[in-house]
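Everything below concerns the one structure shown next.
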Amino acid sequence: MIFSELYSAYYNAVAAVLKEACNRKLSPADVRAIALQKAFGESLLNIEPALRGQKWQLLLPDGSTPIRHAPSMPLTTLQKRWLKAVSLDPRVRLFPETIPDYPEVEPLFYPGDVLAFDRYGDGDPYEDGNYIRRFRLILDAVENKTPLDIESVNRKGSPVKYTVMPAYLEYSEKDDKFRLIAWGRRGQICINLGRITSCRASARPLQYDPAKSRTPARETVELELYDQRNAPERVLMHFAHFEKEAEKLDGDRYRLRITYDKEDETEMVIRILSFGPMLKVVSPARFTELIKQRLLMQKNCGL
Amino acid sequence: MAYNELIKNFGRIRDYMREFYLYGFKSREEFTKKSARSYDDEKRRLESWLGDCMRFRQTPEGKNVFISIDSRLSRRNPLYAAWKARSFTDGDITLHFILFDILYDPALSLTLSELTAEIDLYLQNFDEPRTFDESTVRKKLKEYVNEGIVIAEKRGKTVYYRRSADDLPEIGNLLDFFSEAAPLGVIGSFLLDKMPPREDLFTFKHHYITGAMDSEIACTLLTAIGEKRCITLETVNRHNDRISENHVVPLRIMYSTRSGRQYLMAYAPRFKQISSYRTDNIVSVRIDEVCERYDELRARLEQMAPHLWGVSTQSASGQRILEHVSFTVRYEKDEMHIHQRLVREKRCGSVEKLDVNTSRFTADVYDAGEMMPWIRSFICRITDFQCTNRELERQFREDLRQMYALYGLEGGEEK
């Protein structure tokens with residue numbers, strides 16, 4: 001069962017409190033600080049009084065505990081079954097870490113039991129030894145903040161060289177691709193891992209200041225949504241992963257504001273067009289023009 | 001009953017999270033037809049669990065509450081918090097930490113009476129020490145044996161208890177990734193919670209986090225699939241709130257990377273057909289008997305796969321005949337990526353390059369209607385569209401006409 005107190009934020013918070021109390025006597029303020037860090041916004045109002053008031057008989061009035069060892073809990077069968085299922089995912093080989101076998105349990109699911117039906121067909125080659133080696137090198141550089149010399153090919157197939165300080169890896173499930181987000185001489189850059197031809201630790205020291213670097217611009221598009229063919233639900237689910245705000249205007253009209261990264265504007269245009277006449281761009285005018293241009297081009301297609 | 005930040009049942013909060021996260025335009029009054037107090041309590045809980053993700057907007061109808069999350073920036077799914085808010089009794093938590101402190105080493109094994117006596121020693125210095133009788137301790141141990149964290153071994157007539165030896169392996173980076181990218185990632189999130197705080201190395205683009213709310217349902221479905229068992233589903237019709245019961249054979253969970261929607265593909269013996277059920281509309285799942293025909297039904301689903309664009313196994317008219325679809329796009333010499341888009345994004349069917357500027361996609365699918373959003377994403381270059389479903393063909397052209405009108409590009413006025 002997933003919904004169990006064994007996995008709860010309160011149990012985790014109390015474990016952290018007791019771990020600390022094994023070493024020293026805790027004040028109520030200490031307990032509240034740990035609860036705030038480990039549980040929810042209001043949890044400190046419950047956890048500290050419950051321990052102090054001896055409802056949970058784990059912390060004595062002087063702030064010490066009868067617990068002798070830092071609390072720990074073995075893996076549950078559910079956790080082992082999930083890890084075993086993950087171990088069957090081809091992407092697991094990208095990681096140098098190893099999941100133990102757990103011979104006594106069955107995987108919670110097999111790859112064929114859960115399938116994405118609309119993932120793009122040209123995902124990264126997770127079984128390719130060279131790709132795996134590069135991925136591990138990059139992951140290590142991200143973790144340890146060490147610069148990399150990277151050779152890649154751009155969209156037109158031309159070779160490009162970079163010396164970068166890796167920031168993090170970004171994964172898109174739709175594209176089934178990883179991208180490295182890094183700082184280069186010209187600010188933040190994104191490099192598709194699938195396009196990298198060579199990658200090695202850089203001997204060149206790289207001075208960078210993220211604060212001075214260019215960060216991706218964000219834009220907001222305002223849309224009007226018409227309640228036909230179950231469009232409100234389809235549209236709101238489709239754009240759910242963005243920062244967004246929806247408002248009901250009248251009987252069958254809704255206003256929707258979506259904030260997106262400017263670099264993804266063409267993708268946004270395409271996604272909005274895919275909803276046909278159920279969705280109309282209201283502002284900014286610049287975005288409306290992008291839609292109009294495409295519609296005018298379509299009119300000239302002779303369909 | 002006084003307000004409690006923790007909850008015993010997930011069903012109600014699941015509904016509120018769905019409303020606040022996906023829609024977010026309903027006023028308090030629209031929620032409070034049944035119970036104003038329930039609305040206020042659930043809202044307060046979500047504020048505590050989700051912090052800044054909860055937003056408010058004042059409207060003439062009142063204050064609207066909504067959840068706004070840019071999942072590309074958040075790095076970890078904030079909705080997992082709800083799964084970490086299960087309530088428990090004072091005795092549960094006290095017993096939990098004492099039991100695992102007594103059984104701190106997997107080499108140690110104790111009987112029930114030894115454990116009960118040890119527990120008393122832990123509690124003796126409290127002002128009013130609790131007493132756990134043997135039956136309470138036995139019940140808790142049985143629970144933990146079922147969870148796999150305690151192992152019970154019989155030696156002669158006596159049962160000895162010890163902790164399981166499987167501790168969390170050092171797989172932090174792997175968990176960072178799979179807690180977001182794998183099905184039932186919330187379980188990975190539980191594991192991450194046991195680790196010291198660490199820097200997140202991954203972000204996720206096009207990342208739909210909605211499925212997290214259906215984790216328990218998905219977990220039960222996958223258990224039934226693993227055991228090749230039939231199930232009884234309770235599903236809700238969102239338009240009229242009616243609940244219906246279906247006895248089905250669960251075959252596979254399918255999900256969309258472009259909407260986050262998740263479906264159960266299942267065979268319904270009553271209708272003798274494979275259909276899809278949205279997991280967010282499933283209220284409960286009961287696991288029933290083993291299905292003797294399981295492998296045959298799963299093979300039938302595999303056979304259907306080349307003609308499934310999404311999850312629909314019949315057209316909007318209810319017919320189960322294949323619909324032929326074909327459309328042609330044109331592009332400039334320097335726009336070869338358009339042809340590549342067709343190849344990359346097609347889920348079935350074929351793409352044919354007609355000449356240097358033109359490509360054609362064709363497919364035979366159960367429901368061509370599912371394909372329309374994708375075809376419309378090529379607007380500005382579609383030169384031909386044919387479908388054996390004439391109504392759909394008419395609708396496609398009518399939609400284009402309406403779009404022209406919407407932007408004042410042909411006839412009609414702007415809406």
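Chains: A, B, ... in order of the structure tokens. Residues: from 1 per chain. Ligands: from 1, in order shown.
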Next on the checklist: Applying 8 Å and only C-alpha atoms, which residues near segment 363-378 of chain B remain after dropping the ones on its own chain fewer than 3 positions away? List them as an MDAnalysis selection string.
Outcome noted: (chainID A and resid 270:271 273:276) or (chainID B and resid 306:310 312:316 320:327 329 348:350 381:382 387 389 392 396)
Using C-alpha atoms, can you write the selected residues to a file as a CSV table (one decimal), in the first residue's frame?
chain,number,residue,atom,x,y,z
A,270,ILE,CA,2.0,24.4,-32.8
A,271,ARG,CA,0.5,23.1,-29.5
A,273,LEU,CA,-3.0,25.3,-33.2
A,274,SER,CA,-3.5,21.6,-32.5
A,275,PHE,CA,-6.7,22.5,-30.5
A,276,GLY,CA,-8.2,24.1,-33.6
B,306,PRO,CA,-0.5,-1.1,-35.0
B,307,HIS,CA,-3.9,0.5,-35.4
B,308,LEU,CA,-4.1,2.4,-32.2
B,309,TRP,CA,-3.2,6.1,-32.5
B,310,GLY,CA,-4.0,6.7,-28.8
B,312,SER,CA,-9.4,4.4,-28.5
B,313,THR,CA,-10.4,1.0,-29.9
B,314,GLN,CA,-13.4,2.3,-31.8
B,315,SER,CA,-14.5,5.4,-33.7
B,316,ALA,CA,-16.7,8.1,-32.2
B,320,ARG,CA,-14.9,-1.0,-34.7
B,321,ILE,CA,-13.7,-0.8,-38.3
B,322,LEU,CA,-10.5,0.7,-39.4
B,323,GLU,CA,-10.5,4.2,-40.7
B,324,HIS,CA,-8.0,5.2,-43.4
B,325,VAL,CA,-6.4,8.6,-43.0
B,326,SER,CA,-3.9,10.3,-45.3
B,327,PHE,CA,-2.6,13.8,-45.4
B,329,VAL,CA,2.4,18.4,-46.2
B,348,CYS,CA,1.7,4.0,-36.5
B,349,GLY,CA,1.2,4.2,-40.2
B,350,SER,CA,3.8,5.3,-42.7
B,381,ARG,CA,1.5,23.3,-44.9
B,382,ILE,CA,-1.4,20.8,-45.3
B,387,CYS,CA,-10.3,10.2,-44.4
B,389,ASN,CA,-14.7,8.8,-42.0
B,392,LEU,CA,-14.3,13.7,-39.7
B,396,PHE,CA,-11.5,19.1,-40.2
Item to check | Residue neighbourhood Lys80 of chain A, 12 Å, only C-alpha atoms, exclusion window fewer than 6 positions, as a ChimeraX atom specification | outcome: /A:74,86-87,99-109 /B:147-149,164,166-169,187-188,190-191
Using only N, CA and C atoms, please write the residues we just selected to a file, as a CSV table (one decimal), in the first residue's frame.
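Output saved as out_12.csv:
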chain,number,residue,atom,x,y,z
A,74,PRO,N,14.1,-0.8,7.4
A,74,PRO,CA,14.5,-1.5,6.2
A,74,PRO,C,13.6,-1.2,5.1
A,86,VAL,N,12.3,-0.8,-11.7
A,86,VAL,CA,13.2,0.2,-12.3
A,86,VAL,C,14.5,-0.4,-12.9
A,87,SER,N,14.9,-1.5,-12.3
A,87,SER,CA,16.2,-2.1,-12.8
A,87,SER,C,16.0,-2.7,-14.2
A,99,ILE,N,21.4,-1.4,-8.6
A,99,ILE,CA,20.3,-1.8,-7.7
A,99,ILE,C,20.5,-3.2,-7.4
A,100,PRO,N,20.4,-3.6,-6.1
A,100,PRO,CA,20.6,-5.0,-5.7
A,100,PRO,C,19.5,-5.8,-6.3
A,101,ASP,N,19.7,-7.1,-6.3
A,101,ASP,CA,18.8,-8.0,-7.1
A,101,ASP,C,17.4,-8.3,-6.4
A,102,TYR,N,17.4,-8.4,-5.1
A,102,TYR,CA,16.2,-8.7,-4.3
A,102,TYR,C,15.5,-9.9,-4.9
A,103,PRO,N,16.1,-11.1,-4.8
A,103,PRO,CA,15.6,-12.3,-5.4
A,103,PRO,C,14.2,-12.8,-4.9
A,104,GLU,N,13.9,-12.3,-3.7
A,104,GLU,CA,12.7,-12.8,-3.0
A,104,GLU,C,11.4,-12.1,-3.5
A,105,VAL,N,11.6,-11.0,-4.4
A,105,VAL,CA,10.4,-10.3,-4.8
A,105,VAL,C,10.3,-10.3,-6.4
A,106,GLU,N,9.1,-10.1,-6.8
A,106,GLU,CA,8.8,-9.9,-8.3
A,106,GLU,C,8.8,-8.4,-8.6
A,107,PRO,N,9.2,-8.0,-9.8
A,107,PRO,CA,9.1,-6.6,-10.1
A,107,PRO,C,7.6,-6.1,-10.0
A,108,LEU,N,7.4,-4.8,-9.5
A,108,LEU,CA,6.1,-4.3,-9.4
A,108,LEU,C,5.4,-4.2,-10.8
A,109,PHE,N,6.2,-4.0,-11.8
A,109,PHE,CA,5.7,-4.0,-13.2
A,109,PHE,C,6.9,-4.4,-14.1
B,147,GLU,N,4.4,-5.9,5.4
B,147,GLU,CA,5.1,-4.9,4.7
B,147,GLU,C,6.5,-5.3,4.3
B,148,GLY,N,7.0,-6.4,4.9
B,148,GLY,CA,8.3,-6.9,4.5
B,148,GLY,C,9.5,-6.3,5.3
B,149,ILE,N,9.2,-5.5,6.4
B,149,ILE,CA,10.3,-4.9,7.1
B,149,ILE,C,10.7,-5.7,8.4
B,164,SER,N,14.3,-6.9,8.7
B,164,SER,CA,14.8,-7.4,7.4
B,164,SER,C,16.2,-6.7,7.3
B,166,ASP,N,17.5,-5.7,4.4
B,166,ASP,CA,17.6,-4.9,3.2
B,166,ASP,C,17.5,-3.4,3.6
B,167,ASP,N,18.6,-2.7,3.6
B,167,ASP,CA,18.6,-1.3,3.8
B,167,ASP,C,18.8,-0.6,2.5
B,168,LEU,N,18.6,0.7,2.6
B,168,LEU,CA,18.6,1.5,1.3
B,168,LEU,C,20.0,1.5,0.7
B,169,PRO,N,20.1,1.1,-0.6
B,169,PRO,CA,21.4,1.1,-1.2
B,169,PRO,C,21.8,2.6,-1.6
B,187,ILE,N,7.1,6.2,-5.0
B,187,ILE,CA,7.8,5.2,-4.2
B,187,ILE,C,9.3,5.6,-4.1
B,188,GLY,N,9.9,6.0,-5.3
B,188,GLY,CA,11.3,6.5,-5.3
B,188,GLY,C,11.4,7.7,-4.4
B,190,PHE,N,9.7,8.3,-1.7
B,190,PHE,CA,9.8,7.8,-0.3
B,190,PHE,C,11.2,7.4,0.1
B,191,LEU,N,11.9,6.8,-0.9
B,191,LEU,CA,13.3,6.4,-0.6
B,191,LEU,C,14.2,7.6,-0.5
Item to check | In segment 139-281 of chain A, DSSP strand (DSSP E or B) residues written as a ChimeraX atom specification | outcome: /A:148-153,159-172,177-184,187-192,196-201,218-226,243-250,253-261,279-281
Checklist entry - Hey, what's within 9 Å of Glu134 of chain B if we count only C-alpha atoms and toss same-chain stuff fewer than 4 positions away? As a count of residues only, please? => result 6
What are the residues of chain B that have an atom within 6 Å of an atom of chain A, counting only C-alpha atoms, as an mmCIF file with N, CA and C atoms, in the first residue's frame?
data_model
loop_
_atom_site.group_PDB
_atom_site.id
_atom_site.type_symbol
_atom_site.label_atom_id
_atom_site.label_comp_id
_atom_site.auth_asym_id
_atom_site.auth_seq_id
_atom_site.Cartn_x
_atom_site.Cartn_y
_atom_site.Cartn_z
ATOM 1 N N LEU B 22 -5.739 21.099 -11.965
ATOM 2 C CA LEU B 22 -6.058 21.093 -13.397
ATOM 3 C C LEU B 22 -6.932 22.267 -13.792
ATOM 4 N N PHE B 25 -10.523 27.219 -11.576
ATOM 5 C CA PHE B 25 -11.368 28.390 -11.803
ATOM 6 C C PHE B 25 -12.665 28.335 -11.004
ATOM 7 N N SER B 48 -0.678 23.810 3.553
ATOM 8 C CA SER B 48 0.418 23.354 4.415
ATOM 9 C C SER B 48 1.373 22.437 3.652
ATOM 10 N N TRP B 49 0.825 21.549 2.816
ATOM 11 C CA TRP B 49 1.669 20.580 2.111
ATOM 12 C C TRP B 49 2.415 21.208 0.938
ATOM 13 N N SER B 68 -0.546 26.163 -8.961
ATOM 14 C CA SER B 68 0.201 26.483 -10.174
ATOM 15 C C SER B 68 1.644 26.014 -10.000
ATOM 16 N N ILE B 69 2.048 25.102 -10.866
ATOM 17 C CA ILE B 69 3.400 24.536 -10.756
ATOM 18 C C ILE B 69 4.021 24.477 -12.138
ATOM 19 N N ASP B 70 5.180 25.090 -12.319
ATOM 20 C CA ASP B 70 5.933 24.880 -13.548
ATOM 21 C C ASP B 70 6.845 23.691 -13.278
ATOM 22 N N SER B 71 6.466 22.528 -13.818
ATOM 23 C CA SER B 71 7.180 21.303 -13.436
ATOM 24 C C SER B 71 8.586 21.264 -14.013
ATOM 25 N N TRP B 83 0.873 12.034 -0.458
ATOM 26 C CA TRP B 83 1.043 10.620 -0.104
ATOM 27 C C TRP B 83 1.838 10.452 1.188
ATOM 28 N N LYS B 84 2.360 11.559 1.710
ATOM 29 C CA LYS B 84 3.174 11.488 2.931
ATOM 30 C C LYS B 84 2.412 12.082 4.112
ATOM 31 N N ALA B 85 1.099 12.106 3.980
ATOM 32 C CA ALA B 85 0.287 12.762 5.005
ATOM 33 C C ALA B 85 -0.719 11.804 5.630
ATOM 34 N N ARG B 86 -0.389 10.545 5.681
ATOM 35 C CA ARG B 86 -1.295 9.551 6.257
ATOM 36 C C ARG B 86 -1.320 9.704 7.789
ATOM 37 N N ASP B 90 -1.240 7.740 18.289
ATOM 38 C CA ASP B 90 -0.087 8.014 19.166
ATOM 39 C C ASP B 90 0.669 6.710 19.443
ATOM 40 N N THR B 94 4.763 5.649 18.491
ATOM 41 C CA THR B 94 5.604 5.299 19.647
ATOM 42 C C THR B 94 6.166 3.887 19.470
ATOM 43 N N TYR B 122 11.626 0.840 27.794
ATOM 44 C CA TYR B 122 11.789 2.120 27.076
ATOM 45 C C TYR B 122 10.850 3.196 27.645
ATOM 46 N N GLU B 147 4.436 -5.914 5.442
ATOM 47 C CA GLU B 147 5.141 -4.860 4.690
ATOM 48 C C GLU B 147 6.550 -5.302 4.300
ATOM 49 N N GLY B 148 7.019 -6.395 4.887
ATOM 50 C CA GLY B 148 8.340 -6.924 4.536
ATOM 51 C C GLY B 148 9.476 -6.313 5.319
ATOM 52 N N ILE B 149 9.172 -5.535 6.369
ATOM 53 C CA ILE B 149 10.264 -4.878 7.105
ATOM 54 C C ILE B 149 10.652 -5.668 8.358
ATOM 55 N N SER B 164 14.260 -6.940 8.746
ATOM 56 C CA SER B 164 14.784 -7.357 7.443
ATOM 57 C C SER B 164 16.166 -6.716 7.263
ATOM 58 N N ASP B 166 17.470 -5.698 4.440
ATOM 59 C CA ASP B 166 17.603 -4.866 3.246
ATOM 60 C C ASP B 166 17.488 -3.389 3.577
ATOM 61 N N ASP B 167 18.636 -2.733 3.616
ATOM 62 C CA ASP B 167 18.628 -1.295 3.838
ATOM 63 C C ASP B 167 18.765 -0.573 2.510
ATOM 64 N N ILE B 171 22.053 4.825 -4.021
ATOM 65 C CA ILE B 171 21.632 5.030 -5.410
ATOM 66 C C ILE B 171 20.936 6.389 -5.551
ATOM 67 N N PHE B 190 9.724 8.300 -1.665
ATOM 68 C CA PHE B 190 9.791 7.802 -0.278
ATOM 69 C C PHE B 190 11.237 7.413 0.071
ATOM 70 N N LEU B 201 20.177 16.816 -9.537
ATOM 71 C CA LEU B 201 20.996 16.921 -10.748
ATOM 72 C C LEU B 201 20.147 16.971 -12.010
ATOM 73 N N PHE B 202 18.840 16.714 -11.874
ATOM 74 C CA PHE B 202 17.968 16.626 -13.051
ATOM 75 C C PHE B 202 16.819 17.625 -12.988
ATOM 76 N N THR B 203 16.421 18.074 -14.180
ATOM 77 C CA THR B 203 15.128 18.752 -14.313
ATOM 78 C C THR B 203 14.366 18.004 -15.397
ATOM 79 N N PHE B 204 13.088 18.315 -15.498
ATOM 80 C CA PHE B 204 12.242 17.554 -16.414
ATOM 81 C C PHE B 204 11.388 18.516 -17.238
ATOM 82 N N LYS B 205 11.486 18.351 -18.557
ATOM 83 C CA LYS B 205 10.701 19.202 -19.458
ATOM 84 C C LYS B 205 9.484 18.398 -19.926
ATOM 85 N N HIS B 206 8.416 19.078 -20.283
ATOM 86 C CA HIS B 206 7.165 18.418 -20.685
ATOM 87 C C HIS B 206 6.767 17.398 -19.620
ATOM 88 N N HIS B 207 6.868 17.788 -18.382
ATOM 89 C CA HIS B 207 6.735 16.817 -17.288
ATOM 90 C C HIS B 207 5.350 16.922 -16.657
ATOM 91 N N TYR B 208 4.548 15.904 -16.899
ATOM 92 C CA TYR B 208 3.197 15.888 -16.335
ATOM 93 C C TYR B 208 3.238 15.187 -14.985
ATOM 94 N N GLU B 216 -2.017 5.161 -6.078
ATOM 95 C CA GLU B 216 -2.519 3.950 -5.393
ATOM 96 C C GLU B 216 -3.344 3.097 -6.356
ATOM 97 N N ARG B 252 -2.976 -3.520 -19.517
ATOM 98 C CA ARG B 252 -1.808 -2.632 -19.624
ATOM 99 C C ARG B 252 -2.227 -1.220 -19.188
ATOM 100 N N ILE B 253 -1.269 -0.469 -18.659
ATOM 101 C CA ILE B 253 -1.506 0.963 -18.429
ATOM 102 C C ILE B 253 -0.820 1.707 -19.557
ATOM 103 N N MET B 254 -1.562 2.609 -20.195
ATOM 104 C CA MET B 254 -0.961 3.415 -21.265
ATOM 105 C C MET B 254 -1.116 4.882 -20.879
ATOM 106 N N TYR B 255 -0.102 5.677 -21.192
ATOM 107 C CA TYR B 255 -0.192 7.084 -20.824
ATOM 108 C C TYR B 255 0.350 7.960 -21.937
ATOM 109 N N SER B 256 -0.083 9.208 -21.892
ATOM 110 C CA SER B 256 0.333 10.167 -22.905
ATOM 111 C C SER B 256 1.424 11.067 -22.362
ATOM 112 N N THR B 257 2.502 11.218 -23.136
ATOM 113 C CA THR B 257 3.564 12.151 -22.735
ATOM 114 C C THR B 257 3.197 13.580 -23.144
ATOM 115 N N SER B 259 -0.130 14.826 -22.632
ATOM 116 C CA SER B 259 -1.242 15.355 -21.841
ATOM 117 C C SER B 259 -1.173 14.849 -20.406
ATOM 118 N N ARG B 344 9.307 11.156 -36.920
ATOM 119 C CA ARG B 344 9.579 11.044 -35.491
ATOM 120 C C ARG B 344 8.294 10.939 -34.662
ATOM 121 N N GLU B 345 7.265 11.697 -35.086
ATOM 122 C CA GLU B 345 6.077 11.830 -34.250
ATOM 123 C C GLU B 345 4.983 10.824 -34.560
ATOM 124 N N PRO B 373 -5.699 16.369 -33.451
ATOM 125 C CA PRO B 373 -4.805 17.391 -32.880
ATOM 126 C C PRO B 373 -3.417 17.361 -33.506
ATOM 127 N N ARG B 376 -3.558 18.859 -37.015
ATOM 128 C CA ARG B 376 -3.690 20.327 -36.965
ATOM 129 C C ARG B 376 -2.370 21.004 -36.597
ATOM 130 N N SER B 377 -1.453 20.276 -35.944
ATOM 131 C CA SER B 377 -0.174 20.895 -35.599
ATOM 132 C C SER B 377 0.665 21.172 -36.851
ATOM 133 N N ILE B 379 -0.722 22.687 -39.462
ATOM 134 C CA ILE B 379 -1.415 23.784 -40.140
ATOM 135 C C ILE B 379 -0.386 24.799 -40.644
ATOM 136 N N CYS B 380 -0.535 25.197 -41.859
ATOM 137 C CA CYS B 380 0.298 26.145 -42.624
ATOM 138 C C CYS B 380 0.946 25.414 -43.795
ATOM 139 N N ARG B 381 0.810 24.063 -43.817
ATOM 140 C CA ARG B 381 1.467 23.327 -44.895
ATOM 141 C C ARG B 381 0.685 22.088 -45.331
ATOM 142 N N THR B 383 -1.651 20.218 -47.623
ATOM 143 C CA THR B 383 -2.198 20.427 -48.971
ATOM 144 C C THR B 383 -3.297 19.424 -49.307
ATOM 145 N N ASP B 384 -3.388 18.377 -48.516
ATOM 146 C CA ASP B 384 -4.427 17.383 -48.804
ATOM 147 C C ASP B 384 -4.771 16.638 -47.523
ATOM 148 N N ASP B 399 -13.349 23.071 -39.124
ATOM 149 C CA ASP B 399 -12.492 23.627 -38.068
ATOM 150 C C ASP B 399 -11.542 24.675 -38.642
ATOM 151 N N GLN B 402 -13.453 27.783 -39.305
ATOM 152 C CA GLN B 402 -13.726 28.490 -38.035
ATOM 153 C C GLN B 402 -12.480 29.192 -37.500
ATOM 154 N N MET B 403 -11.335 28.569 -37.698
ATOM 155 C CA MET B 403 -10.099 29.202 -37.221
ATOM 156 C C MET B 403 -9.809 30.469 -38.016
#
Next on the checklist: Taking the DSSP secondary structure from the backbone, can you list the residues of segment 332-392 of chain B that are alpha helix (DSSP H), as a ChimeraX atom specification?
Outcome noted: /B:336-345,372-376,390-392
Any idea what's packed within 6 Å of Ile150 of chain A, counting only C-alpha atoms, ignoring anything in its chain fewer than 3 positions away? Could you give it as a PDB file with C-alpha atoms, in the first residue's frame?
ATOM      1  CA  LYS A 161      33.073  22.754 -29.878  1.00  0.00           C
ATOM      2  CA  TYR A 162      32.307  23.981 -26.378  1.00  0.00           C
ATOM      3  CA  SER A 198      33.160  13.640 -27.977  1.00  0.00           C
ATOM      4  CA  CYS A 199      33.286  14.632 -24.331  1.00  0.00           C
TER       5      CYS A 199
END
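From atom CA of Leu184 of chain B back to atom CA of Asp214 of chain B, the distance works out to 9.0 Å.
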Next on the checklist: Using only C-alpha atoms, can you tell me which of B:His339, B:Tyr263, B:Gly226, B:Thr220 comes closest to Val285 of chain B?
Outcome noted: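 Between B:His339, B:Tyr263, B:Gly226, B:Thr220, the residue approaching Val285 of chain B most closely is B:Thr220.
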Checklist entry - Leaving out Arg286 of chain B and any residue of its chain fewer than 4 positions from it, which residues lie within 7 Å of it when counting only C-alpha atoms, given as a list in words? => result Ile231, Thr232 and Leu233 of chain B
Hey, can you spit out that residue selection with C-alpha atoms as a PDB file, in the first residue's frame?
ATOM      1  CA  ILE B 231     -10.629  -6.740 -11.193  1.00  0.00           C
ATOM      2  CA  THR B 232     -13.775  -4.848 -10.285  1.00  0.00           C
ATOM      3  CA  LEU B 233     -13.469  -1.181 -11.107  1.00  0.00           C
TER       4      LEU B 233
END
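Between atom CA of Ser74 of chain B and atom CA of Phe56 of chain B there is a distance of 19.2 Å.
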Checklist entry - What lies within 9 Å of Asn357 of chain B using only C-alpha atoms, ignoring chain neighbours under 2 positions off, as a PyMOL selection string? => result chain B and resi 329-333+335-336+353-355+359
Can those selected residues be exported to a file as an mmCIF file, in the first residue's frame so that it contains C-alpha atoms?
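again_31.cif, freshly written:
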data_model
loop_
_atom_site.group_PDB
_atom_site.id
_atom_site.type_symbol
_atom_site.label_atom_id
_atom_site.label_comp_id
_atom_site.auth_asym_id
_atom_site.auth_seq_id
_atom_site.Cartn_x
_atom_site.Cartn_y
_atom_site.Cartn_z
ATOM 1 C CA VAL B 329 2.356 18.432 -46.234
ATOM 2 C CA ARG B 330 4.631 20.672 -48.255
ATOM 3 C CA TYR B 331 7.796 22.395 -47.165
ATOM 4 C CA GLU B 332 10.701 24.377 -48.516
ATOM 5 C CA LYS B 333 14.111 22.935 -49.388
ATOM 6 C CA GLU B 335 12.653 22.628 -44.080
ATOM 7 C CA MET B 336 13.550 18.952 -44.171
ATOM 8 C CA LYS B 353 8.430 11.363 -49.467
ATOM 9 C CA LEU B 354 6.583 12.292 -52.655
ATOM 10 C CA ASP B 355 9.163 14.797 -53.941
ATOM 11 C CA SER B 359 5.590 14.182 -47.835
#
Item to check | Residue nearest Ala218 of chain B - candidates B:Pro269, B:Val283, B:Tyr294, B:Tyr160, atoms counted: only C-alpha atoms | outcome: B:Val283
